[in-house]
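Single-structure report; data block below.
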Amino acid sequence: INGMLVLKNVSDFVDKASYKIDKSHVSESKDRIISQEIYNEIEYFFPDTYNMRVEGNPGYITENFTDRGEINILKGSIYTDTFCGFISPFMSSAFRYYKFGYEGYYKSSDTKCHIVKVRPKKNDPKLFHGYLYIKDVVWSIDHVILKISKQGVRAKTTITYFEIEDGASLPVAYHNDIRFEIMGTGGTVCYNSGLKYNEVSGELMPQEEYAADEENKSIGRNAYNRDNAYWNRIRMHPIDKDSVIYMSDNDGFKRIKTSFSKSLIGKMIVGGYIAGDEQQHFSVKYNGVKMIFRDYN
């Protein structure tokens with residue numbers, strides 16, 4: 001995963017709050033490219049179990065954006081009823097929630113792909129809108145473009161699929177373009193992710209062997225301390241010259257207090273689970289600053 005965040009404007013409220021919590025001003029990083037590079041290893045077991053291990057992460061983008069914007073997408077399938085907390089247009093009762101419109105087709109490498117527009121039937125923040133590109137005859141996905149708008153965050157996600165093995169068409173690339181404007185603080189976040197499959201098996205494991213590890217995510221011991229030689233070896237594609245400059249520039253950014261990116265400040269703005277998560281019986285969730293003022297001008 002390669003990510004870049006740019007803060008376009010920072011409100012006085014957020015600036016003062018960040019200093020109070022972390023003794024650093026968020027405004028110091030305004031108009032600077034804050035980069036992130038993450039290397040994950042994922043095990044998936046049918047139907048919906050994902051074991052993820054983060055092996056490298058020298059990034060400085062708030063975990064709220066990373067987890068919501070990219071990590072959660074890698075731990076989900078558009079073919080299930082819900083995808084990243086949203087109702088999937090491929091669920092069995094999708095026609096209750098969505099309108100589908102056929103908009104023709106195009107040809108790519110002698111393959112006909114049908115274009116289907118997706119629109120929600122009602123204004124619900126848990127519904128997508130966008131486009132589905134479906135291959136003719138086999139009816140598998142070529143790629144999808146999904147858009148959401150929720151609590152001051154607008155995101156467009158493009159997922160590209162490829163037939164890894166006969167009959168197994170799986171995601172190979174993700175692109176996320178996120179724009180946010182919350183309480184006077186706004187900017188953009190972009191993530192590009194490529195997947196490499198080491199093994200694809202049709203064998204099913206017994207339910208009890210993996211149920212306990214459902215939605216598991218762990219951090220490797222050296223995830224935050226990988227050197228350049230490691231990244232040069234692990235990258236699927238070399239990074240361009242500009243990206244090298246941006247990432248080198250972040251070495252200076254380290255010397256500015258950066259812990260705000262991994263603390264409560266992210267949850268203060270966008271909301272999130274203060275304790276626990278949606279999988280646990282007990283959790284404490286906060287919906288973000290914007291929700292407090294939703295009834296007032």
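By convention here, the chains of the structure tokens are called A, B, ... in the order presented, each chain's residues are numbered starting at 1, and ligands are numbered starting at 1 in the order presented.
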
Extract, using only C-alpha atoms, all DNA, RNA and protein residues at most 9 Å from Lys217 in chain A, discarding same-chain residues fewer than 4 positions from it, and format them as a list in words.
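Counting only C-alpha atoms, the residues come to Tyr50, Asn51, Met52, Arg53, Val54 and Asp213 of chain A.
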
May I have the residues within 7 Å of range 159-170 of chain A as a tab-separated table (two decimals) with N, CA and C atoms, in the first residue's frame, using only C-alpha atoms and disregarding those fewer than 3 positions away in the same chain?
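File written: around.tsv
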chain	number	residue	atom	x	y	z
A	140	SER	N	-18.02	-12.33	-14.55
A	140	SER	CA	-17.19	-11.94	-13.41
A	140	SER	C	-16.88	-10.45	-13.51
A	141	ILE	N	-16.40	-9.88	-12.42
A	141	ILE	CA	-16.11	-8.44	-12.39
A	141	ILE	C	-14.78	-8.15	-13.08
A	142	ASP	N	-14.76	-7.14	-13.94
A	142	ASP	CA	-13.51	-6.62	-14.47
A	142	ASP	C	-12.97	-5.56	-13.51
A	143	HIS	N	-13.81	-4.57	-13.19
A	143	HIS	CA	-13.47	-3.63	-12.13
A	143	HIS	C	-14.75	-2.93	-11.67
A	144	VAL	N	-14.66	-2.29	-10.53
A	144	VAL	CA	-15.80	-1.54	-10.00
A	144	VAL	C	-15.32	-0.16	-9.54
A	145	ILE	N	-16.21	0.81	-9.61
A	145	ILE	CA	-15.95	2.15	-9.06
A	145	ILE	C	-17.07	2.43	-8.07
A	173	ALA	N	-5.76	-4.92	-7.59
A	173	ALA	CA	-5.34	-3.54	-7.39
A	173	ALA	C	-6.49	-2.71	-6.83
A	174	TYR	N	-6.14	-1.78	-5.95
A	174	TYR	CA	-7.11	-0.86	-5.36
A	174	TYR	C	-6.57	0.56	-5.51
A	175	HIS	N	-7.48	1.48	-5.80
A	175	HIS	CA	-7.11	2.91	-5.75
A	175	HIS	C	-8.20	3.64	-4.98

DSSP-assigned strand (DSSP E) among range 13-116 of chain A, expressed as a ChimeraX atom specification
/A:33-37,39-45,49-56,82-83,86-87,98-108,111-116

Please provide the set of residues having any atom within 9 Å of Tyr224 in chain A, restricted to only C-alpha atoms, with same-chain residues fewer than 5 positions apart removed, written as a CSV table (one decimal) with all heavy atoms, in the first residue's frame.
chain,number,residue,atom,x,y,z
A,55,GLU,N,3.6,-6.3,8.0
A,55,GLU,CA,5.1,-6.6,8.1
A,55,GLU,C,5.9,-5.3,8.0
A,55,GLU,O,7.1,-5.4,8.3
A,55,GLU,CB,5.4,-7.6,7.0
A,55,GLU,CG,4.8,-9.0,7.2
A,55,GLU,CD,5.4,-9.7,8.4
A,55,GLU,OE1,6.4,-9.2,9.0
A,55,GLU,OE2,4.9,-10.9,8.7
A,56,GLY,N,5.4,-4.3,7.4
A,56,GLY,CA,6.1,-3.0,7.3
A,56,GLY,C,5.2,-1.8,7.3
A,56,GLY,O,4.2,-1.9,6.5
A,57,ASN,N,5.5,-0.8,8.0
A,57,ASN,CA,4.6,0.4,8.1
A,57,ASN,C,5.4,1.6,8.6
A,57,ASN,O,5.3,1.9,9.8
A,57,ASN,CB,3.4,0.1,8.9
A,57,ASN,CG,2.4,1.3,8.9
A,57,ASN,OD1,2.6,2.3,8.3
A,57,ASN,ND2,1.3,1.2,9.7
A,58,PRO,N,6.1,2.3,7.7
A,58,PRO,CA,6.8,3.5,8.2
A,58,PRO,C,6.0,4.8,7.9
A,58,PRO,O,6.6,5.8,7.7
A,58,PRO,CB,8.1,3.5,7.3
A,58,PRO,CG,7.6,2.9,6.0
A,58,PRO,CD,6.5,2.0,6.4
A,59,GLY,N,4.7,4.7,8.0
A,59,GLY,CA,3.9,5.8,7.6
A,59,GLY,C,3.4,6.7,8.7
A,59,GLY,O,3.5,6.4,9.9

Considering only C-alpha atoms, return as a PyMOL selection string whatever protein or nucleic-acid residues lie within 8 Å of range 2-18 of chain A, sequence-local ones (same chain, fewer than 6 positions apart) excluded.
chain A and resi 24-27+29-38+61+183-193+260+265

Can you pull out the residues contacting Lys150 in chain A? Cut-off 10 Å, using only C-alpha atoms, and skip same-chain residues under 6 positions away; I want them as a PyMOL selection string.
chain A and resi 124-127+180+270

Using all heavy atoms, can you write the selected residues to a file as an mmCIF file, in the first residue's frame?
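Once written, again.cif looks like this:
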data_model
loop_
_atom_site.group_PDB
_atom_site.id
_atom_site.type_symbol
_atom_site.label_atom_id
_atom_site.label_comp_id
_atom_site.auth_asym_id
_atom_site.auth_seq_id
_atom_site.Cartn_x
_atom_site.Cartn_y
_atom_site.Cartn_z
ATOM 1 N N ASP A 124 -29.105 7.161 1.930
ATOM 2 C CA ASP A 124 -28.621 6.450 3.118
ATOM 3 C C ASP A 124 -27.096 6.416 3.057
ATOM 4 O O ASP A 124 -26.524 5.958 2.066
ATOM 5 C CB ASP A 124 -29.189 5.033 3.137
ATOM 6 C CG ASP A 124 -28.896 4.295 4.438
ATOM 7 O OD1 ASP A 124 -27.813 4.507 5.006
ATOM 8 O OD2 ASP A 124 -29.749 3.499 4.881
ATOM 9 N N PRO A 125 -26.391 6.883 4.100
ATOM 10 C CA PRO A 125 -24.922 6.907 4.068
ATOM 11 C C PRO A 125 -24.282 5.525 4.013
ATOM 12 O O PRO A 125 -23.075 5.417 3.812
ATOM 13 C CB PRO A 125 -24.559 7.635 5.368
ATOM 14 C CG PRO A 125 -25.740 7.483 6.257
ATOM 15 C CD PRO A 125 -26.928 7.454 5.343
ATOM 16 N N LYS A 126 -25.075 4.467 4.172
ATOM 17 C CA LYS A 126 -24.521 3.118 4.100
ATOM 18 C C LYS A 126 -24.679 2.499 2.714
ATOM 19 O O LYS A 126 -24.461 1.307 2.544
ATOM 20 C CB LYS A 126 -25.190 2.221 5.155
ATOM 21 C CG LYS A 126 -24.740 2.517 6.571
ATOM 22 C CD LYS A 126 -25.020 1.365 7.497
ATOM 23 C CE LYS A 126 -24.351 1.591 8.844
ATOM 24 N NZ LYS A 126 -24.541 0.442 9.752
ATOM 25 N N LEU A 127 -25.047 3.326 1.725
ATOM 26 C CA LEU A 127 -25.211 2.826 0.365
ATOM 27 C C LEU A 127 -24.174 3.440 -0.578
ATOM 28 O O LEU A 127 -23.827 4.612 -0.456
ATOM 29 C CB LEU A 127 -26.621 3.150 -0.149
ATOM 30 C CG LEU A 127 -27.788 2.469 0.580
ATOM 31 C CD1 LEU A 127 -29.111 2.971 0.030
ATOM 32 C CD2 LEU A 127 -27.701 0.951 0.469
ATOM 33 N N PHE A 180 -11.789 15.061 2.446
ATOM 34 C CA PHE A 180 -12.497 15.302 3.701
ATOM 35 C C PHE A 180 -12.509 16.788 4.048
ATOM 36 O O PHE A 180 -11.589 17.537 3.727
ATOM 37 C CB PHE A 180 -11.857 14.496 4.847
ATOM 38 C CG PHE A 180 -10.420 14.853 5.128
ATOM 39 C CD1 PHE A 180 -10.087 15.759 6.121
ATOM 40 C CD2 PHE A 180 -9.396 14.262 4.399
ATOM 41 C CE1 PHE A 180 -8.760 16.086 6.382
ATOM 42 C CE2 PHE A 180 -8.064 14.582 4.643
ATOM 43 C CZ PHE A 180 -7.745 15.506 5.651
ATOM 44 N N VAL A 270 -12.719 12.323 12.955
ATOM 45 C CA VAL A 270 -13.533 11.456 12.106
ATOM 46 C C VAL A 270 -14.375 10.468 12.871
ATOM 47 O O VAL A 270 -15.253 9.852 12.294
ATOM 48 C CB VAL A 270 -12.650 10.667 11.106
ATOM 49 C CG1 VAL A 270 -12.793 11.161 9.728
ATOM 50 C CG2 VAL A 270 -11.249 10.554 11.529
#

Can you list, as a list in words, every protein, DNA or RNA residue that comes within 10 Å of Cys84 in chain A when you count only C-alpha atoms, leaving out same-chain residues fewer than 3 positions away?
Arg68, Gly69, Glu70, Ile71, Asn72, Ile73, Leu74, Lys75, Gly76, Ser77, Ile78, Ile87, Ser88 and Lys126 of chain A

Output C-alpha atoms of each residue in that selection to a file, as a short mmCIF file (atom, residue, chain, number, x, y, z; two decimals), in the first residue's frame.
data_model
loop_
_atom_site.label_atom_id
_atom_site.label_comp_id
_atom_site.auth_asym_id
_atom_site.auth_seq_id
_atom_site.Cartn_x
_atom_site.Cartn_y
_atom_site.Cartn_z
CA ARG A 68 -11.12 2.93 7.02
CA GLY A 69 -9.64 3.94 3.69
CA GLU A 70 -7.60 0.88 2.84
CA ILE A 71 -7.07 -1.83 5.48
CA ASN A 72 -10.79 -2.60 5.85
CA ILE A 73 -11.19 -2.88 2.09
CA LEU A 74 -8.46 -5.53 1.92
CA LYS A 75 -10.35 -7.49 4.59
CA GLY A 76 -13.63 -7.65 2.71
CA SER A 77 -15.34 -8.94 -0.42
CA ILE A 78 -17.86 -7.11 -2.57
CA ILE A 87 -24.45 -2.52 1.79
CA SER A 88 -22.96 -4.32 -1.20
CA LYS A 126 -24.52 3.12 4.10
#

Shell of 8 Å around Lys121 in chain A, only C-alpha atoms, local chain residues under 3 positions omitted, as a VMD selection string:
chain A and resid 96 to 99
